[in-house]
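**Student:** Sharing a structure with you now.
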Amino acid sequence: MKIGAAIVGREAGPQPVQVDKRWIMAYNAALGEASDVPHPLFPVCYEWDATRALREATGLQALNAQLVHAQHDLVIHRPPKAGEVLMTVARVVAAGQRRPGAFVVIRLTAHGAGGDKVSTTDYGMLYRGVQLEGGDRALEKVEDAPKHASELKAIGEIVVAATAAHVYTECARIFNPIHTDVAYARAAGLPGIILHGTATLALSVSRILHEIKLASVRRIRCRFAGMVFMPSVLSVFASREGTSLAFETRNERGEAVIERGWIG
């Protein structure tokens with residue numbers, strides 16, 4: 001299995017997506033919250049169509065079973081609004097070879113009707129066991145989340161239900177069978193379905209913000225360090241570092257499933 005470095009620079013979109021109040025509330029409900037205010041991670045919902053279109057255009061969709069969400073860096077320029085149509089452009093901005101496989105970064109930029117930026121996300125994907133042909137390439141600087149400088153304190157747990165991935169799939173409108181189809185997940189080399197990385201991240205962010213208040217959230221970034229199977233109980237650790245919150249989420253064995261987490 002191979003990926004050609006020539007995909008760097010390929011684009012898809014602008015992809016129009018209408019944000020509606022029901023979608024916002026459904027996403028919050030998947031996280032155990034009753035609110036019509038967009039969750040900080042809601043951009044993953046309206047970005048999905050552009051992401052899928054770019055994967056299909058570059059041939060990456062054929063390798064979807066090998067895909068693991070490895071890094072996430074979201075910048076929120078302003079919250080999305082119910083009723084507006086957002087236009088999202090997806091672009092491959094970097095590709096590199098790593099020991100476990102090929103690492104590809106898609107940059108997703110969403111604009112409102114007036115052309116104002118709503119969100120920008122660098123979505124890092126690791127294709128397990130896949131070789132990159134043509135050498136490492138990058139058109140844009142891609143930042144890795146920095147290490148934490150201070151000790152993190154336990155702030156609470158997240159109970160992940162056996163049905164969490166199915167509920168999140170429908171409420172977020174993000175469809176990937178590795179999260180819902182046991183046969184598909186096993187064919188991909190996994191013991192069973194896994195929770196979406198963005199679901200683990202959103203649940204972690206919610207737990208942290210429930211305990212530590214921020215006036216606003218402008219940026220969320222992390223590395224995904226492990227897979228979350230269901231049902232399970234996760235533990236969240238966090239502390240303030242300057243004007244940001246540093247955090248890590250661990251499984252029942254004490255292993256990090258999210259590391260180098262930052263909310264700013």
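Every chain in the structure tokens takes a letter, A first, then B, and so on in the order presented; its residues are numbered from 1, and the ligands are numbered from 1 following the presented order.
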Identify, on the basis of only C-alpha atoms, every residue whose closest approach to segment 223-238 of chain A does not exceed 8 Å; exclude the query and any residue fewer than 2 positions from it along the same chain; express the result as a count of residues only.
**Tutor:** 44
**Student:** Report as a PyMOL selection string all protein, DNA and RNA residues lying within 12 Å of Arg22 of chain A, evaluated on only C-alpha atoms, omitting residues in the same chain fewer than 3 positions from it.
**Tutor:** chain A and resi 18-19+25-29+34-38+81-83+171-173
**Student:** Can I get the selected residues back with N, CA and C atoms, as an mmCIF file, in the first residue's frame?
**Tutor:**
data_model
loop_
_atom_site.group_PDB
_atom_site.id
_atom_site.type_symbol
_atom_site.label_atom_id
_atom_site.label_comp_id
_atom_site.auth_asym_id
_atom_site.auth_seq_id
_atom_site.Cartn_x
_atom_site.Cartn_y
_atom_site.Cartn_z
ATOM 1 N N GLN A 18 -24.816 23.626 5.407
ATOM 2 C CA GLN A 18 -25.661 24.480 6.234
ATOM 3 C C GLN A 18 -25.653 23.973 7.669
ATOM 4 N N VAL A 19 -25.373 24.883 8.577
ATOM 5 C CA VAL A 19 -25.396 24.569 10.001
ATOM 6 C C VAL A 19 -26.797 24.857 10.523
ATOM 7 N N MET A 25 -27.503 20.980 18.569
ATOM 8 C CA MET A 25 -28.026 20.358 19.791
ATOM 9 C C MET A 25 -27.751 18.858 19.811
ATOM 10 N N ALA A 26 -27.841 18.213 18.650
ATOM 11 C CA ALA A 26 -27.587 16.773 18.585
ATOM 12 C C ALA A 26 -26.137 16.463 18.922
ATOM 13 N N TYR A 27 -25.212 17.283 18.401
ATOM 14 C CA TYR A 27 -23.799 17.063 18.711
ATOM 15 C C TYR A 27 -23.551 17.199 20.201
ATOM 16 N N ASN A 28 -24.125 18.229 20.803
ATOM 17 C CA ASN A 28 -23.981 18.398 22.244
ATOM 18 C C ASN A 28 -24.571 17.211 23.003
ATOM 19 N N ALA A 29 -25.714 16.718 22.539
ATOM 20 C CA ALA A 29 -26.364 15.587 23.202
ATOM 21 C C ALA A 29 -25.491 14.340 23.151
ATOM 22 N N ALA A 34 -26.966 19.269 27.210
ATOM 23 C CA ALA A 34 -28.212 19.815 26.680
ATOM 24 C C ALA A 34 -28.010 21.300 26.461
ATOM 25 N N SER A 35 -27.711 21.702 25.216
ATOM 26 C CA SER A 35 -27.401 23.088 24.914
ATOM 27 C C SER A 35 -27.573 23.336 23.425
ATOM 28 N N ASP A 36 -27.925 24.586 23.075
ATOM 29 C CA ASP A 36 -27.988 24.962 21.664
ATOM 30 C C ASP A 36 -26.835 25.884 21.284
ATOM 31 N N VAL A 37 -25.813 25.934 22.155
ATOM 32 C CA VAL A 37 -24.598 26.702 21.879
ATOM 33 C C VAL A 37 -23.572 25.774 21.236
ATOM 34 N N PRO A 38 -22.985 26.144 20.112
ATOM 35 C CA PRO A 38 -22.030 25.243 19.452
ATOM 36 C C PRO A 38 -20.874 24.852 20.363
ATOM 37 N N LYS A 81 -22.794 29.800 13.352
ATOM 38 C CA LYS A 81 -24.138 30.244 13.733
ATOM 39 C C LYS A 81 -25.188 29.337 13.104
ATOM 40 N N ALA A 82 -26.215 29.017 13.880
ATOM 41 C CA ALA A 82 -27.315 28.219 13.353
ATOM 42 C C ALA A 82 -27.978 28.957 12.203
ATOM 43 N N GLY A 83 -28.193 28.243 11.101
ATOM 44 C CA GLY A 83 -28.859 28.821 9.939
ATOM 45 C C GLY A 83 -27.928 29.299 8.853
ATOM 46 N N CYS A 171 -25.097 11.786 15.463
ATOM 47 C CA CYS A 171 -25.283 13.174 15.904
ATOM 48 C C CYS A 171 -24.289 14.133 15.256
ATOM 49 N N ALA A 172 -23.063 13.657 15.017
ATOM 50 C CA ALA A 172 -22.060 14.497 14.367
ATOM 51 C C ALA A 172 -22.204 14.486 12.850
ATOM 52 N N ARG A 173 -22.872 13.436 12.323
ATOM 53 C CA ARG A 173 -23.009 13.209 10.878
ATOM 54 C C ARG A 173 -21.633 12.934 10.255
#
**Student:** Determine which residues of segment 51-261 of chain A DSSP labels as alpha helix (DSSP H) from the backbone of this structure, then write them out as a ChimeraX atom specification.
**Tutor:** /A:51-58,164-172,182-187,197-211
**Student:** With N, CA and C atoms retained, write the just-selected residues as a CSV table (one decimal), in the first residue's frame.
**Tutor:**
chain,number,residue,atom,x,y,z
A,51,THR,N,-13.5,17.0,3.9
A,51,THR,CA,-12.5,16.0,4.2
A,51,THR,C,-12.7,14.8,3.3
A,52,ARG,N,-14.0,14.3,3.3
A,52,ARG,CA,-14.3,13.1,2.5
A,52,ARG,C,-14.1,13.4,1.0
A,53,ALA,N,-14.5,14.5,0.5
A,53,ALA,CA,-14.3,14.9,-0.9
A,53,ALA,C,-12.8,14.9,-1.3
A,54,LEU,N,-12.0,15.4,-0.4
A,54,LEU,CA,-10.5,15.4,-0.7
A,54,LEU,C,-9.9,14.0,-0.7
A,55,ARG,N,-10.4,13.2,0.2
A,55,ARG,CA,-9.9,11.8,0.3
A,55,ARG,C,-10.2,11.1,-1.0
A,56,GLU,N,-11.4,11.3,-1.5
A,56,GLU,CA,-11.9,10.6,-2.7
A,56,GLU,C,-11.1,11.1,-3.9
A,57,ALA,N,-10.8,12.4,-3.9
A,57,ALA,CA,-10.1,13.0,-5.1
A,57,ALA,C,-8.6,12.6,-5.1
A,58,THR,N,-8.1,12.3,-4.0
A,58,THR,CA,-6.6,11.9,-3.9
A,58,THR,C,-6.4,10.4,-3.9
A,164,ALA,N,-21.5,4.6,22.5
A,164,ALA,CA,-21.0,6.0,22.3
A,164,ALA,C,-20.6,6.3,20.8
A,165,ALA,N,-19.9,5.4,20.1
A,165,ALA,CA,-19.5,5.6,18.7
A,165,ALA,C,-20.7,5.7,17.8
A,166,HIS,N,-21.7,4.9,18.0
A,166,HIS,CA,-22.9,4.9,17.1
A,166,HIS,C,-23.6,6.2,17.3
A,167,VAL,N,-23.8,6.6,18.6
A,167,VAL,CA,-24.5,7.8,18.9
A,167,VAL,C,-23.8,9.0,18.3
A,168,TYR,N,-22.4,9.1,18.5
A,168,TYR,CA,-21.6,10.2,18.0
A,168,TYR,C,-21.7,10.2,16.5
A,169,THR,N,-21.6,9.1,15.8
A,169,THR,CA,-21.7,9.0,14.4
A,169,THR,C,-22.9,9.7,13.8
A,170,GLU,N,-24.1,9.4,14.4
A,170,GLU,CA,-25.3,9.9,13.9
A,170,GLU,C,-25.5,11.4,14.3
A,171,CYS,N,-25.1,11.8,15.5
A,171,CYS,CA,-25.3,13.2,15.9
A,171,CYS,C,-24.3,14.1,15.3
A,172,ALA,N,-23.1,13.7,15.0
A,172,ALA,CA,-22.1,14.5,14.4
A,172,ALA,C,-22.2,14.5,12.9
A,182,VAL,N,-18.4,-3.8,13.3
A,182,VAL,CA,-17.4,-4.7,14.0
A,182,VAL,C,-16.6,-5.4,12.9
A,183,ALA,N,-17.3,-6.0,11.9
A,183,ALA,CA,-16.6,-6.7,10.9
A,183,ALA,C,-15.6,-5.9,10.1
A,184,TYR,N,-15.9,-4.6,9.8
A,184,TYR,CA,-15.0,-3.7,9.1
A,184,TYR,C,-13.8,-3.4,10.0
A,185,ALA,N,-14.1,-3.2,11.3
A,185,ALA,CA,-13.0,-2.8,12.2
A,185,ALA,C,-12.0,-4.0,12.3
A,186,ARG,N,-12.5,-5.2,12.4
A,186,ARG,CA,-11.7,-6.4,12.5
A,186,ARG,C,-10.9,-6.7,11.2
A,187,ALA,N,-11.5,-6.4,10.1
A,187,ALA,CA,-10.8,-6.6,8.8
A,187,ALA,C,-9.7,-5.6,8.7
A,197,GLY,N,-11.6,9.8,17.4
A,197,GLY,CA,-10.7,10.6,18.1
A,197,GLY,C,-11.3,11.9,18.5
A,198,THR,N,-12.1,12.5,17.6
A,198,THR,CA,-12.8,13.8,17.9
A,198,THR,C,-13.8,13.7,19.0
A,199,ALA,N,-14.4,12.5,19.2
A,199,ALA,CA,-15.3,12.3,20.3
A,199,ALA,C,-14.6,12.3,21.6
A,200,THR,N,-13.5,11.6,21.6
A,200,THR,CA,-12.6,11.5,22.8
A,200,THR,C,-12.2,12.9,23.2
A,201,LEU,N,-11.8,13.7,22.2
A,201,LEU,CA,-11.3,15.0,22.4
A,201,LEU,C,-12.4,15.9,22.9
A,202,ALA,N,-13.6,15.9,22.2
A,202,ALA,CA,-14.7,16.7,22.7
A,202,ALA,C,-15.1,16.4,24.1
A,203,LEU,N,-15.2,15.1,24.4
A,203,LEU,CA,-15.6,14.7,25.8
A,203,LEU,C,-14.6,15.2,26.8
A,204,SER,N,-13.3,15.2,26.4
A,204,SER,CA,-12.2,15.7,27.3
A,204,SER,C,-12.3,17.2,27.5
A,205,VAL,N,-12.6,17.9,26.4
A,205,VAL,CA,-12.7,19.4,26.5
A,205,VAL,C,-13.9,19.7,27.4
A,206,SER,N,-15.0,19.0,27.2
A,206,SER,CA,-16.2,19.3,28.0
A,206,SER,C,-15.9,19.1,29.5
A,207,ARG,N,-15.2,18.0,29.8
A,207,ARG,CA,-14.9,17.7,31.2
A,207,ARG,C,-14.0,18.7,31.8
A,208,ILE,N,-13.1,19.2,31.0
A,208,ILE,CA,-12.1,20.2,31.5
A,208,ILE,C,-12.8,21.5,31.8
A,209,LEU,N,-13.6,22.0,30.8
A,209,LEU,CA,-14.2,23.3,30.9
A,209,LEU,C,-15.3,23.3,31.9
A,210,HIS,N,-15.8,22.1,32.3
A,210,HIS,CA,-16.8,22.0,33.4
A,210,HIS,C,-16.1,22.3,34.7
A,211,GLU,N,-14.8,22.0,34.8
A,211,GLU,CA,-14.1,22.2,36.1
A,211,GLU,C,-13.2,23.4,36.1
**Student:** Using only C-alpha atoms, can you tell me which of A:Lys141, A:Ile174, A:Phe103, A:Glu133 comes closest to Tyr46 of chain A?
**Tutor:**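 Answer, going by the shortest atom-to-atom distance: A:Ile174.
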**Student:** Residues of segment 50-260 of chain A in strand (DSSP E or B) according to DSSP, as a PyMOL selection string?
**Tutor:** chain A and resi 67-76+85-98+101-111+117-128+131-133+137-138+153-160+219-224+232-241+244-250+256-260
**Student:** I'd like the contact shell of Tyr123 of chain A - 7 Å cut-off, only C-alpha atoms, skipping same-chain residues fewer than 2 positions apart - returned as a list in words.
**Tutor:** Gln71, His72, Asp73, Val105, Ile106, Arg107, Thr121 and Met125 of chain A
**Student:** Identify, on the basis of only C-alpha atoms, every residue whose closest approach to Arg10 of chain A does not exceed 7 Å; exclude the query and any residue fewer than 3 positions from it along the same chain; express the result as a ChimeraX atom specification.
**Tutor:** /A:7,91-92
**Student:** Those same residues, written as an mmCIF file, in the first residue's frame with N, CA and C atoms?
**Tutor:**
data_model
loop_
_atom_site.group_PDB
_atom_site.id
_atom_site.type_symbol
_atom_site.label_atom_id
_atom_site.label_comp_id
_atom_site.auth_asym_id
_atom_site.auth_seq_id
_atom_site.Cartn_x
_atom_site.Cartn_y
_atom_site.Cartn_z
ATOM 1 N N ILE A 7 0.223 14.161 -3.900
ATOM 2 C CA ILE A 7 -1.088 14.617 -3.420
ATOM 3 C C ILE A 7 -0.981 15.931 -2.651
ATOM 4 N N ARG A 91 -7.349 21.058 1.872
ATOM 5 C CA ARG A 91 -6.124 21.035 1.085
ATOM 6 C C ARG A 91 -5.079 20.167 1.773
ATOM 7 N N VAL A 92 -4.429 19.298 1.029
ATOM 8 C CA VAL A 92 -3.316 18.520 1.586
ATOM 9 C C VAL A 92 -2.105 19.451 1.671
#
**Student:** Which one of A:Ala149, A:Ala138, A:Ala65, A:Met87 sits closest to Ile178 of chain A if you count only C-alpha atoms?
**Tutor:**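 Residue with the minimum atom-to-atom distance to Ile178 of chain A: A:Ala65.
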**Student:** Considering only C-alpha atoms, can you say which of A:Thr120, A:Thr109, A:Gly115, A:Ala30 comes closest to Ala12 of chain A?
**Tutor:**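 Comparing A:Thr120, A:Thr109, A:Gly115, A:Ala30 against Ala12 of chain A, the winner is A:Thr109.
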